Structures are given as structure tokens and as C-alpha cells.
$ cat entry.cif   # mmCIF, C-alpha atoms
data_coords
#
loop_
_atom_site.label_atom_id
_atom_site.label_comp_id
_atom_site.auth_asym_id
_atom_site.auth_seq_id
_atom_site.Cartn_x
_atom_site.Cartn_y
_atom_site.Cartn_z
CA MET W 1 0.00 0.00 0.00
CA LEU W 2 1.25 3.46 -0.88
CA THR W 3 2.03 5.98 1.79
CA GLY W 4 0.33 9.36 1.55
CA ARG W 5 3.54 10.94 0.34
CA GLU W 6 3.99 8.28 -2.33
CA ALA W 7 0.38 8.66 -3.47
CA VAL W 8 0.66 12.43 -3.82
CA ALA W 9 3.94 12.09 -5.70
CA ARG W 10 2.24 9.79 -8.22
CA THR W 11 -0.51 12.31 -8.94
CA GLY W 12 1.80 14.91 -10.48
CA ILE W 13 0.37 17.65 -8.25
CA ASP W 14 3.16 20.17 -7.70
CA ALA W 15 1.65 22.31 -4.91
CA ALA W 16 -0.55 21.89 -1.86
CA ALA W 17 -3.00 24.36 -0.34
CA LEU W 18 -3.45 24.36 3.42
CA LYS W 19 -6.12 25.97 5.56
CA PRO W 20 -4.64 27.23 8.86
CA ALA W 21 -7.97 26.83 10.68
CA GLU W 22 -7.90 23.11 9.88
CA CYS W 23 -4.33 22.00 10.45
CA ASP W 24 -0.91 22.85 11.80
CA VAL W 25 0.57 24.48 8.71
CA SER W 26 4.11 23.96 10.02
CA ARG W 27 3.70 20.34 8.87
CA ALA W 28 3.89 21.62 5.30
CA VAL W 29 7.66 21.10 5.39
CA ASP W 30 7.01 17.34 5.14
CA LEU W 31 4.71 17.49 2.11
CA PRO W 32 6.02 15.85 -1.11
CA VAL W 33 5.49 18.99 -3.22
CA ASP W 34 7.63 21.95 -4.20
CA ARG W 35 5.10 24.67 -3.38
CA VAL W 36 2.70 25.37 -0.53
CA THR W 37 -0.05 27.95 -0.43
CA ILE W 38 -1.58 29.11 2.84
CA ASP W 39 -5.25 30.03 2.47
CA TYR W 40 -6.76 33.05 4.24
CA GLU W 41 -9.47 32.17 6.76
CA GLY W 42 -9.59 35.39 8.72
CA ARG W 43 -7.01 37.47 10.49
CA GLU W 44 -7.20 35.32 13.62
CA HIS W 45 -5.96 32.28 11.67
CA LEU W 46 -3.05 33.97 9.91
CA PRO W 47 0.13 32.05 10.88
CA ASP W 48 2.63 34.11 12.84
CA ALA W 49 5.69 35.58 11.22
CA ALA W 50 8.05 32.99 12.74
CA THR W 51 6.02 30.10 11.30
CA LEU W 52 5.91 31.73 7.89
CA ASP W 53 9.68 32.31 8.03
CA ARG W 54 10.32 28.61 8.73
CA LEU W 55 8.02 27.54 5.90
CA ALA W 56 9.55 29.99 3.46
CA ALA W 57 13.00 28.63 4.28
CA ALA W 58 11.92 25.04 3.59
CA THR W 59 9.55 25.35 0.63
CA GLU W 60 8.35 27.73 -2.05
CA LEU W 61 5.72 29.50 0.01
CA TYR W 62 2.68 31.45 -1.18
CA VAL W 63 0.44 33.34 1.25
CA THR W 64 -3.10 34.32 0.27
CA THR W 65 -3.80 37.99 0.98
CA PRO W 66 -7.28 39.47 0.31
CA VAL W 67 -6.76 42.95 -1.09
CA ARG W 68 -9.98 44.23 0.51
CA ALA W 69 -9.09 43.02 4.03
CA ASP W 70 -7.66 45.35 6.64
CA GLY W 71 -3.97 44.53 6.93
CA PHE W 72 -3.63 43.69 3.24
CA ASP W 73 -5.38 46.66 1.64
CA PRO W 74 -2.83 48.44 -0.60
CA LEU W 75 -5.01 51.55 -0.58
CA GLY W 76 -5.54 51.54 3.16
CA ASP W 77 -4.33 49.43 6.09
CA ASP W 78 -1.57 47.13 4.80
CA SER W 79 0.09 46.51 8.16
CA LEU W 80 0.07 42.70 7.84
CA VAL W 81 2.06 42.66 4.62
CA GLY W 82 5.23 43.19 6.64
CA GLU W 83 4.69 39.84 8.41
CA ILE W 84 5.08 37.93 5.15
CA PRO W 85 8.71 36.84 4.64
CA ASP W 86 10.63 38.34 1.76
CA ALA W 87 11.24 34.79 0.54
CA ALA W 88 7.50 34.10 0.24
CA ARG W 89 5.20 35.16 -2.58
CA ARG W 90 1.66 36.43 -2.29
CA VAL W 91 -1.59 35.18 -3.77
CA LEU W 92 -3.73 38.25 -4.38
CA VAL W 93 -7.46 37.62 -4.09
CA ALA W 94 -10.55 39.77 -3.78
CA GLY W 95 -11.39 37.96 -0.57
CA HIS W 96 -14.31 35.70 0.34
CA GLY W 97 -17.21 37.44 2.06
CA ALA W 98 -17.14 34.84 4.84
CA TYR W 99 -13.84 36.28 6.04
CA LEU W 100 -14.52 39.96 5.41
CA SER W 101 -16.52 42.53 7.33
CA GLU W 102 -19.38 44.33 5.61
CA GLU W 103 -17.16 47.37 5.18
CA GLU W 104 -14.32 45.33 3.70
CA SER W 105 -16.67 43.54 1.30
CA SER W 106 -17.89 46.89 -0.03
CA ARG W 107 -14.44 48.01 -1.15
CA ALA W 108 -13.65 48.15 -4.86
CA VAL W 109 -11.55 45.21 -6.04
CA ALA W 110 -10.01 46.45 -9.31
CA PRO W 111 -7.93 49.39 -8.04
CA ARG W 112 -6.73 47.36 -5.06
CA LEU W 113 -5.75 44.37 -7.15
CA GLY W 114 -3.84 46.62 -9.53
CA ALA W 115 -2.06 48.41 -6.70
CA ALA W 116 -1.18 45.14 -4.96
CA ARG W 117 0.26 43.73 -8.19
CA ARG W 118 2.48 46.79 -8.53
CA ASP W 119 3.72 46.18 -4.99
CA ALA W 120 4.13 42.42 -5.55
CA PRO W 121 4.79 41.88 -9.27
CA ASP W 122 5.57 38.17 -8.78
CA ALA W 123 2.27 37.43 -7.03
CA TRP W 124 -0.30 34.92 -8.20
CA VAL W 125 -3.71 36.49 -8.86
CA GLY W 126 -6.86 34.67 -7.79
CA THR W 127 -9.50 34.83 -10.51
CA GLU W 128 -12.67 33.67 -8.72
CA GLY W 129 -15.41 36.18 -9.39
CA VAL W 130 -13.01 38.72 -10.93
CA GLU W 131 -11.67 36.89 -13.99
CA ARG W 132 -11.39 39.93 -16.26
CA VAL W 133 -9.90 42.11 -13.54
CA ALA W 134 -7.40 39.37 -12.68
CA LEU W 135 -6.37 38.96 -16.30
CA ALA W 136 -5.95 42.71 -16.65
CA ALA W 137 -3.80 42.77 -13.51
CA GLY W 138 -1.50 40.17 -15.05
CA GLY W 139 0.69 37.68 -13.26
CA THR W 140 0.05 34.00 -12.71
CA GLN W 141 -3.68 33.40 -13.03
CA PHE W 142 -4.85 31.25 -10.12
CA GLU W 143 -8.15 29.57 -10.97
CA LEU W 144 -10.51 27.10 -9.35
CA LEU W 145 -10.87 23.83 -11.24
CA THR W 146 -14.18 23.69 -13.11
CA ARG W 147 -15.67 21.56 -15.85
CA SER W 148 -14.55 24.19 -18.39
CA THR W 149 -10.97 24.70 -17.17
CA ASP W 150 -9.34 22.80 -20.03
CA ARG W 151 -11.34 24.69 -22.64
CA ASP W 152 -10.81 28.06 -20.94
CA VAL W 153 -7.05 27.62 -20.64
CA ARG W 154 -6.73 26.48 -24.24
CA ALA W 155 -8.63 29.61 -25.28
CA LEU W 156 -6.29 31.79 -23.22
CA ARG W 157 -3.25 30.20 -24.85
CA ALA W 158 -4.79 30.50 -28.32
CA ALA W 159 -5.42 34.20 -27.66
CA GLY W 160 -1.73 34.69 -26.93
CA PHE W 161 -1.62 34.62 -23.11
CA GLU W 162 1.93 33.62 -22.21
CA GLY W 163 1.77 34.00 -18.45
CA GLU W 164 1.49 31.13 -16.02
CA VAL W 165 -1.78 29.47 -15.05
CA ALA W 166 -2.26 27.69 -11.73
CA VAL W 167 -5.35 25.63 -10.89
CA TYR W 168 -6.68 24.92 -7.39
CA ALA W 169 -8.65 21.75 -6.69
CA PRO W 170 -9.84 19.92 -3.58
CA THR W 171 -8.20 16.51 -3.76
CA VAL W 172 -9.36 13.11 -2.48
CA LEU W 173 -7.13 10.14 -3.20
CA THR W 174 -9.65 7.31 -3.08
CA ASP W 175 -12.25 5.58 -5.25
CA ASP W 176 -14.57 5.17 -2.25
CA GLU W 177 -17.63 7.18 -3.31
CA ASP W 178 -18.85 7.74 0.24
CA ALA W 179 -15.46 9.13 1.23
CA VAL W 180 -15.43 11.36 -1.84
CA LEU W 181 -18.84 12.83 -1.07
CA ASP W 182 -18.05 13.29 2.62
CA ALA W 183 -14.93 15.22 1.63
CA VAL W 184 -16.12 17.38 -1.28
CA GLY W 185 -19.88 16.99 -1.61
CA ALA W 186 -20.67 20.22 0.22
CA TYR W 187 -17.97 22.07 -1.72
CA VAL W 188 -19.16 21.03 -5.16
CA SER W 189 -22.81 21.63 -4.22
CA ARG W 190 -21.98 25.34 -3.90
CA ARG W 191 -20.74 25.58 -7.49
CA ARG W 192 -23.50 27.38 -9.37
CA PRO W 193 -24.19 24.79 -12.10
CA VAL W 194 -24.27 22.02 -9.51
CA ALA W 195 -26.61 23.95 -7.22
CA ARG W 196 -28.96 24.47 -10.15
CA ALA W 197 -28.92 20.77 -11.04
CA LEU W 198 -29.55 19.46 -7.53
CA PRO W 199 -33.10 18.41 -6.72
CA ASP W 200 -34.94 20.51 -4.15
CA GLY W 201 -35.61 19.48 -0.61
CA ASP W 202 -38.79 17.63 -1.61
CA GLY W 203 -36.83 15.27 -3.82
CA ASP W 204 -38.87 16.01 -6.93
CA GLY W 205 -35.87 16.60 -9.17
CA ALA W 206 -36.58 20.33 -9.56
CA ASP W 207 -33.91 22.61 -10.87
CA GLY W 208 -33.38 24.30 -7.51
CA ALA W 209 -30.31 25.56 -5.69
CA ASP W 210 -31.47 24.94 -2.14
CA GLY W 211 -29.02 22.08 -1.69
CA ALA W 212 -26.18 24.57 -1.62
CA ASP W 213 -27.77 26.41 1.28
CA GLY W 214 -28.43 23.45 3.52
CA ASP W 215 -32.22 23.36 2.88
CA GLY W 216 -32.13 20.77 0.12
CA PRO W 217 -30.99 17.14 0.00
CA PRO W 218 -27.88 15.93 1.83
CA THR W 219 -24.61 16.59 0.03
CA ASP W 220 -22.45 14.02 1.84
CA SER W 221 -22.35 10.21 1.71
CA SER W 222 -25.99 10.04 2.81
CA ALA W 223 -27.10 11.58 -0.52
CA THR W 224 -29.23 9.28 -2.66
CA GLY W 225 -30.92 9.18 -6.04
CA ARG W 226 -30.59 12.14 -8.36
CA ALA W 227 -28.71 14.23 -5.78
CA ARG W 228 -26.02 11.58 -5.41
CA GLU W 229 -25.66 11.27 -9.18
CA VAL W 230 -25.25 15.03 -9.57
CA LEU W 231 -22.75 15.31 -6.72
CA SER W 232 -20.69 12.33 -7.87
CA ALA W 233 -20.39 13.74 -11.37
CA ALA W 234 -19.59 17.21 -10.03
CA ALA W 235 -16.83 15.83 -7.84
CA ARG W 236 -15.02 14.81 -11.03
CA ASP W 237 -15.57 18.23 -12.60
CA PHE W 238 -14.65 20.49 -9.68
CA ALA W 239 -12.20 18.36 -7.69
CA LEU W 240 -9.44 15.82 -8.21
CA VAL W 241 -10.70 12.48 -6.94
CA GLY W 242 -9.86 8.83 -7.39
CA SER W 243 -6.76 6.68 -7.28
CA PRO W 244 -3.39 8.41 -7.68
CA GLU W 245 -3.31 7.07 -11.25
CA THR W 246 -6.75 8.52 -12.03
CA VAL W 247 -5.77 11.88 -10.61
CA ARG W 248 -2.52 11.76 -12.57
CA GLU W 249 -4.47 11.35 -15.82
CA ARG W 250 -6.53 14.44 -14.98
CA VAL W 251 -3.43 16.42 -14.02
CA ASP W 252 -1.77 15.42 -17.29
CA ASP W 253 -4.85 16.62 -19.20
CA LEU W 254 -4.66 19.98 -17.44
CA ARG W 255 -0.99 20.36 -18.26
CA GLU W 256 -1.64 19.46 -21.89
CA ALA W 257 -4.27 22.22 -21.98
CA GLY W 258 -1.69 24.74 -20.80
CA VAL W 259 -1.85 24.68 -16.99
CA ASP W 260 1.53 25.24 -15.33
CA HIS W 261 0.77 24.43 -11.69
CA VAL W 262 -1.82 22.14 -10.10
CA VAL W 263 -2.52 22.97 -6.46
CA GLY W 264 -4.22 20.23 -4.47
CA TYR W 265 -6.12 20.95 -1.27
CA PRO W 266 -6.21 17.80 0.93
CA ALA W 267 -9.96 17.73 1.44
CA ARG W 268 -9.76 14.85 3.93
CA GLY W 269 -7.05 16.57 5.95
CA ILE W 270 -3.31 16.99 5.67
CA ASP W 271 -2.69 13.45 6.94
CA GLU W 272 -3.89 12.00 3.62
CA PHE W 273 -0.94 13.75 1.96
CA LEU W 274 1.53 12.65 4.65
CA ALA W 275 0.52 9.35 6.27
#
$ encode --input "entry.cif" --output "C-alpha cells"
Amino acid sequence: MLTGREAVARTGIDAAALKPAECDVSRAVDLPVDRVTIDYEGREHLPDAATLDRLAAATELYVTTPVRADGFDPLGDDSLVGEIPDAARRVLVAGHGAYLSEEESSRAVAPRLGAARRDAPDAWVGTEGVERVALAAGGTQFELLTRSTDRDVRALRAAGFEGEVAVYAPTVLTDDEDAVLDAVGAYVSRRRPVARALPDGDGDGADGADGADGDGPPTDSSATGRAREVLSAAARDFALVGSPETVRERVDDLREAGVDHVVGYPARGIDEFLA
């Protein structure tokens, strides 16, 4: 049986994304990848400067910084930028509303993303919800895996885009369907096309989006019928799931389409990538 490290190495994934609210990010030094990104889950979960220094010394470190959040706002309070080691690179994102105050969420993204890119010209730029603004800002385009990623990246390359493209995907290294749905069912149910396809809470197969809000059918391993079919298919579109060999085939397809970096988030916890 493969160890977690051996399994990840077989997938061809070259970076891992960690959520500091979920795990001890200092364990990233043991991951079998060249790059590590630290997601932003609120100021209270930002790793301290000493931890970031140790990680930056051991791996190619990327730290997600929402340009609308106090502490990372290039047009306002940017006091937290100084805690990021010089050896680390930033991932510039608009910022998820779950981690922003109402005031922060109301701030304009475009001028802040542009200003942040001027301050950090080697940063990756998160595209979710701001694709055109991100492309205009330049830099490595950091996208969520979707069912259209291959087509979209090919179109970018055909149009002459020569910058790097990185793709983020929750990753589950098993063929066990229950384990897959427990790990990524809720995540994929929030993707707009999946939410539209899920049956409503009455199980009548309606084209409703309630499942993404917790009012519809279960989105984990207890899902049945049409909901389970939709979620299982979506897990293959919006995440990397299956045996290491299956994931490797998907990663190879992405690279053939023009993706430079594939960033896997260990959706069942960091131990799956290490054990």
C-alpha cells in the first residue's frame, strides 16, 4: 500500500493548499510537493511571522492575501504585509465574504488588485469572481478547477496569453464514493451549475439551488438518487478524486491544456498527503 507521500507524488500535483484553521501548517515542510499555499481564513488564523519564516526557508511558500481586508489593503491598512517573509510570494485575491466585514466587502476590487500587483509583481492572482480584472492585472492566473478549465485555458493560450496558469482543486485520493462525497460533496454543491442541477428538498428533481444552502438534499455520503448522481459527477468536474493514477491522468490533461501548476487541497485533511 502506498504511503500518503507516495500517493501524492504519483498524482503529479506540484503544490498543496493548506487551511490554517484546519491544520498545523508547520507540517507543510514534510509534504512531497515543491510549493505550498496558505489560504486566508480570517485574520485570527493567519500564521505568525516565525512560522511563515520557517516555511519559506523550507519550501516555495505562497500566502493568500485578500486585497480588501484590513492589513492587506494596498489603498488603506496594509500593516500585515510586513509579516510575510521576503522569501514568500503572495496570492492576491478579492477575498471571500465569509472572512470579510461588511465594510471590507464593499471596497472596490479592481484598483486594489492593480495596486497590490504593482507592490508584488511576482504574485499569483486569484481569478474567482473577478476573472477579467485578474487577467488585466497580469501575473500567474490562479483559478478554481471547473468543468470548463481545459477549454478556458486552451482559449487563453490560443489568444496569446503567455503568463502562467495555476489551478486549485480539492483533492481526495480514493475511489470510495462515500469518502469522496463526505470530503467534497458540500464544496461542489456550492458551485453554481451544480446547485442548479440538484433536486430541491422535496426530492422532486426540480432545478433548484437549495441544496447549496443546507435546505435541500444531503450533500455528503448520505445523498441518494438524483442528488447523489449530480454530486458524484460534479466531484469529477470540480475536484481531483480517485486513485493516484486517475488523478494523474486528470493532471496530465490539465498540463496538456496549458496549466503550469496544479494545487491540491487535501480535502480529507493533511494526513492524507503525509501518512
$ residues_near_point --input "entry.cif" --point "(-2.1, 4.8, -6.5)" --cutoff "12 Å" --atoms "all atoms listed in the file" --output "PDB file with C-alpha atoms, in the frame of the given file"
ATOM      1  CA  MET W   1       0.000   0.000   0.000  1.00  0.00           C
ATOM      2  CA  LEU W   2       1.250   3.460  -0.880  1.00  0.00           C
ATOM      3  CA  THR W   3       2.030   5.980   1.790  1.00  0.00           C
ATOM      4  CA  GLY W   4       0.330   9.360   1.550  1.00  0.00           C
ATOM      5  CA  ARG W   5       3.540  10.940   0.340  1.00  0.00           C
ATOM      6  CA  GLU W   6       3.990   8.280  -2.330  1.00  0.00           C
ATOM      7  CA  ALA W   7       0.380   8.660  -3.470  1.00  0.00           C
ATOM      8  CA  VAL W   8       0.660  12.430  -3.820  1.00  0.00           C
ATOM      9  CA  ALA W   9       3.940  12.090  -5.700  1.00  0.00           C
ATOM     10  CA  ARG W  10       2.240   9.790  -8.220  1.00  0.00           C
ATOM     11  CA  THR W  11      -0.510  12.310  -8.940  1.00  0.00           C
ATOM     12  CA  GLY W  12       1.800  14.910 -10.480  1.00  0.00           C
ATOM     13  CA  VAL W 172      -9.360  13.110  -2.480  1.00  0.00           C
ATOM     14  CA  LEU W 173      -7.130  10.140  -3.200  1.00  0.00           C
ATOM     15  CA  THR W 174      -9.650   7.310  -3.080  1.00  0.00           C
ATOM     16  CA  ASP W 175     -12.250   5.580  -5.250  1.00  0.00           C
ATOM     17  CA  VAL W 241     -10.700  12.480  -6.940  1.00  0.00           C
ATOM     18  CA  GLY W 242      -9.860   8.830  -7.390  1.00  0.00           C
ATOM     19  CA  SER W 243      -6.760   6.680  -7.280  1.00  0.00           C
ATOM     20  CA  PRO W 244      -3.390   8.410  -7.680  1.00  0.00           C
ATOM     21  CA  GLU W 245      -3.310   7.070 -11.250  1.00  0.00           C
ATOM     22  CA  THR W 246      -6.750   8.520 -12.030  1.00  0.00           C
ATOM     23  CA  VAL W 247      -5.770  11.880 -10.610  1.00  0.00           C
ATOM     24  CA  ARG W 248      -2.520  11.760 -12.570  1.00  0.00           C
ATOM     25  CA  GLU W 249      -4.470  11.350 -15.820  1.00  0.00           C
TER      26      GLU W 249
END
$ resolve_selection --input "entry.cif" --expression "the PyMOL selection byres ((chain W and resi 87-102) around 6)" --output "list in words"
Gly42, Ala56, Leu61, Tyr62, Val63, Thr64, Thr65, Pro66, Val67, Pro85, Asp86, Glu103, Glu104, Ser105, Val109, Ala123, Trp124, Val125 and Gly126 of chain W
$ residues_around --input "entry.cif" --residues "W:Val262" --least-positions-apart "6" --cutoff "9 Å" --atoms "all atoms listed in the file" --output "PyMOL selection string"
chain W and resi 12-16+165-169+251+254-255
$ residues_around --input "entry.cif" --residues "W:Glu83" --least-positions-apart "4" --cutoff "10 Å" --atoms "all atoms listed in the file" --output "mmCIF file with C-alpha atoms, in the coordinates of the input"
data_model
loop_
_atom_site.group_PDB
_atom_site.id
_atom_site.type_symbol
_atom_site.label_atom_id
_atom_site.label_comp_id
_atom_site.auth_asym_id
_atom_site.auth_seq_id
_atom_site.Cartn_x
_atom_site.Cartn_y
_atom_site.Cartn_z
ATOM 1 C CA LEU W 46 -3.050 33.970 9.910
ATOM 2 C CA PRO W 47 0.130 32.050 10.880
ATOM 3 C CA ASP W 48 2.630 34.110 12.840
ATOM 4 C CA ALA W 49 5.690 35.580 11.220
ATOM 5 C CA ALA W 50 8.050 32.990 12.740
ATOM 6 C CA LEU W 52 5.910 31.730 7.890
ATOM 7 C CA ASP W 53 9.680 32.310 8.030
ATOM 8 C CA GLY W 71 -3.970 44.530 6.930
ATOM 9 C CA SER W 79 0.090 46.510 8.160
#
$ resolve_selection --input "entry.cif" --expression "the PyMOL selection byres ((chain W and resi 162) around 12)" --output "ChimeraX atom specification"
/W:135,138-141,153-161,163-165,258-260
$ atom_distance --input "entry.cif" --atom1 "atom CA of W:Leu113" --atom2 "atom CA of W:Leu75"
9.8 Å
$ closest_residue --input "entry.cif" --among "W:Leu144, W:Ala233, W:Val36, W:Ala137" --to "W:Glu177" --atoms "all atoms listed in the file"
W:Ala233
$ residues_near_point --input "entry.cif" --point "(5.6, 13.6, 5.1)" --cutoff "9 Å" --atoms "only C-alpha atoms" --output "CSV table (one decimal) with C-alpha atoms, in the coordinates of the input"
chain,number,residue,atom,x,y,z
W,4,GLY,CA,0.3,9.4,1.6
W,5,ARG,CA,3.5,10.9,0.3
W,27,ARG,CA,3.7,20.3,8.9
W,28,ALA,CA,3.9,21.6,5.3
W,29,VAL,CA,7.7,21.1,5.4
W,30,ASP,CA,7.0,17.3,5.1
W,31,LEU,CA,4.7,17.5,2.1
W,32,PRO,CA,6.0,15.8,-1.1
W,271,ASP,CA,-2.7,13.4,6.9
W,273,PHE,CA,-0.9,13.8,2.0
W,274,LEU,CA,1.5,12.6,4.6
W,275,ALA,CA,0.5,9.4,6.3
$ closest_residue --input "entry.cif" --among "W:Val33, W:Ala120, W:Ala234, W:Leu145" --to "W:Val194" --atoms "all atoms listed in the file"
W:Ala234
$ closest_residue --input "entry.cif" --among "W:Arg268, W:Arg117, W:Arg250, W:Arg107" --to "W:Val184" --atoms "only C-alpha atoms"
W:Arg268
$ residues_around --input "entry.cif" --residues "W:Val25" --least-positions-apart "6" --cutoff "9 Å" --atoms "all atoms listed in the file" --output "PyMOL selection string"
chain W and resi 18-19+38+47+51+55+270
$ atom_distance --input "entry.cif" --atom1 "atom CA of W:Asp73" --atom2 "atom CA of W:Ala115"
9.1 Å
$ resolve_selection --input "entry.cif" --expression "the PyMOL selection byres ((chain W and resi 188) around 7)" --output "PyMOL selection string"
chain W and resi 184-187+189-191+194+231+234-235+238
$ write_last_selection --input "entry.cif" --atoms "C-alpha atoms" --output "CSV table (one decimal), keeping the file's coordinate frame"
chain,number,residue,atom,x,y,z
W,184,VAL,CA,-16.1,17.4,-1.3
W,185,GLY,CA,-19.9,17.0,-1.6
W,186,ALA,CA,-20.7,20.2,0.2
W,187,TYR,CA,-18.0,22.1,-1.7
W,189,SER,CA,-22.8,21.6,-4.2
W,190,ARG,CA,-22.0,25.3,-3.9
W,191,ARG,CA,-20.7,25.6,-7.5
W,194,VAL,CA,-24.3,22.0,-9.5
W,231,LEU,CA,-22.8,15.3,-6.7
W,234,ALA,CA,-19.6,17.2,-10.0
W,235,ALA,CA,-16.8,15.8,-7.8
W,238,PHE,CA,-14.6,20.5,-9.7
$ axis_aligned_box --input "entry.cif" --around "stretch 217-229 of chain W" --padding-each-side "4 Å" --output "lines of an AutoDock Vina configuration file"
center_x = -26.7
center_y = 13.2
center_z = -3.2
size_x = 16.6
size_y = 16.0
size_z = 20.0
$ atom_distance --input "entry.cif" --atom1 "atom CA of W:Asp119" --atom2 "atom CA of W:Ala21"
27.5 Å
$ closest_residue --input "entry.cif" --among "W:Leu240, W:Ala69, W:Cys23, W:Ala110" --to "W:Arg43" --atoms "all atoms listed in the file"
W:Ala69
$ closest_residue --input "entry.cif" --among "W:Asp78, W:Glu229, W:Asp70, W:Asp253" --to "W:Pro199" --atoms "all atoms listed in the file"
W:Glu229
$ decode --input "entry.cif" --residues "stretch 27-39 of chain W" --atoms "N, CA, C and O atoms" --output "PDB file, in the first residue's frame"
ATOM      1  N   ARG W  27       3.462  21.681   9.407  1.00  0.00           N
ATOM      2  CA  ARG W  27       3.700  20.339   8.873  1.00  0.00           C
ATOM      3  C   ARG W  27       3.925  20.365   7.362  1.00  0.00           C
ATOM      4  O   ARG W  27       4.288  19.350   6.765  1.00  0.00           O
ATOM      5  N   ALA W  28       3.714  21.505   6.750  1.00  0.00           N
ATOM      6  CA  ALA W  28       3.892  21.622   5.303  1.00  0.00           C
ATOM      7  C   ALA W  28       5.311  21.268   4.868  1.00  0.00           C
ATOM      8  O   ALA W  28       5.524  20.880   3.719  1.00  0.00           O
ATOM      9  N   VAL W  29       6.274  21.391   5.766  1.00  0.00           N
ATOM     10  CA  VAL W  29       7.660  21.096   5.394  1.00  0.00           C
ATOM     11  C   VAL W  29       7.839  19.630   5.022  1.00  0.00           C
ATOM     12  O   VAL W  29       8.812  19.272   4.354  1.00  0.00           O
ATOM     13  N   ASP W  30       6.896  18.773   5.425  1.00  0.00           N
ATOM     14  CA  ASP W  30       7.009  17.342   5.140  1.00  0.00           C
ATOM     15  C   ASP W  30       6.218  16.914   3.911  1.00  0.00           C
ATOM     16  O   ASP W  30       6.236  15.733   3.543  1.00  0.00           O
ATOM     17  N   LEU W  31       5.520  17.847   3.273  1.00  0.00           N
ATOM     18  CA  LEU W  31       4.712  17.491   2.107  1.00  0.00           C
ATOM     19  C   LEU W  31       5.610  17.191   0.899  1.00  0.00           C
ATOM     20  O   LEU W  31       6.639  17.835   0.713  1.00  0.00           O
ATOM     21  N   PRO W  32       5.208  16.242   0.053  1.00  0.00           N
ATOM     22  CA  PRO W  32       6.024  15.854  -1.109  1.00  0.00           C
ATOM     23  C   PRO W  32       5.762  16.732  -2.328  1.00  0.00           C
ATOM     24  O   PRO W  32       5.578  16.234  -3.450  1.00  0.00           O
ATOM     25  N   VAL W  33       5.718  18.045  -2.130  1.00  0.00           N
ATOM     26  CA  VAL W  33       5.488  18.990  -3.220  1.00  0.00           C
ATOM     27  C   VAL W  33       6.486  20.136  -3.097  1.00  0.00           C
ATOM     28  O   VAL W  33       7.068  20.361  -2.030  1.00  0.00           O
ATOM     29  N   ASP W  34       6.661  20.855  -4.190  1.00  0.00           N
ATOM     30  CA  ASP W  34       7.627  21.948  -4.199  1.00  0.00           C
ATOM     31  C   ASP W  34       7.069  23.254  -3.663  1.00  0.00           C
ATOM     32  O   ASP W  34       7.820  24.112  -3.212  1.00  0.00           O
ATOM     33  N   ARG W  35       5.728  23.402  -3.746  1.00  0.00           N
ATOM     34  CA  ARG W  35       5.100  24.670  -3.378  1.00  0.00           C
ATOM     35  C   ARG W  35       3.986  24.427  -2.374  1.00  0.00           C
ATOM     36  O   ARG W  35       3.283  23.417  -2.433  1.00  0.00           O
ATOM     37  N   VAL W  36       3.788  25.414  -1.502  1.00  0.00           N
ATOM     38  CA  VAL W  36       2.704  25.369  -0.528  1.00  0.00           C
ATOM     39  C   VAL W  36       2.020  26.723  -0.507  1.00  0.00           C
ATOM     40  O   VAL W  36       2.696  27.763  -0.462  1.00  0.00           O
ATOM     41  N   THR W  37       0.694  26.709  -0.577  1.00  0.00           N
ATOM     42  CA  THR W  37      -0.054  27.949  -0.427  1.00  0.00           C
ATOM     43  C   THR W  37      -0.833  27.885   0.881  1.00  0.00           C
ATOM     44  O   THR W  37      -1.391  26.845   1.245  1.00  0.00           O
ATOM     45  N   ILE W  38      -0.847  29.005   1.589  1.00  0.00           N
ATOM     46  CA  ILE W  38      -1.584  29.114   2.841  1.00  0.00           C
ATOM     47  C   ILE W  38      -2.840  29.944   2.578  1.00  0.00           C
ATOM     48  O   ILE W  38      -2.749  31.126   2.235  1.00  0.00           O
ATOM     49  N   ASP W  39      -3.995  29.326   2.717  1.00  0.00           N
ATOM     50  CA  ASP W  39      -5.246  30.035   2.469  1.00  0.00           C
ATOM     51  C   ASP W  39      -5.515  31.058   3.576  1.00  0.00           C
ATOM     52  O   ASP W  39      -4.989  30.939   4.692  1.00  0.00           O
TER      53      ASP W  39
END
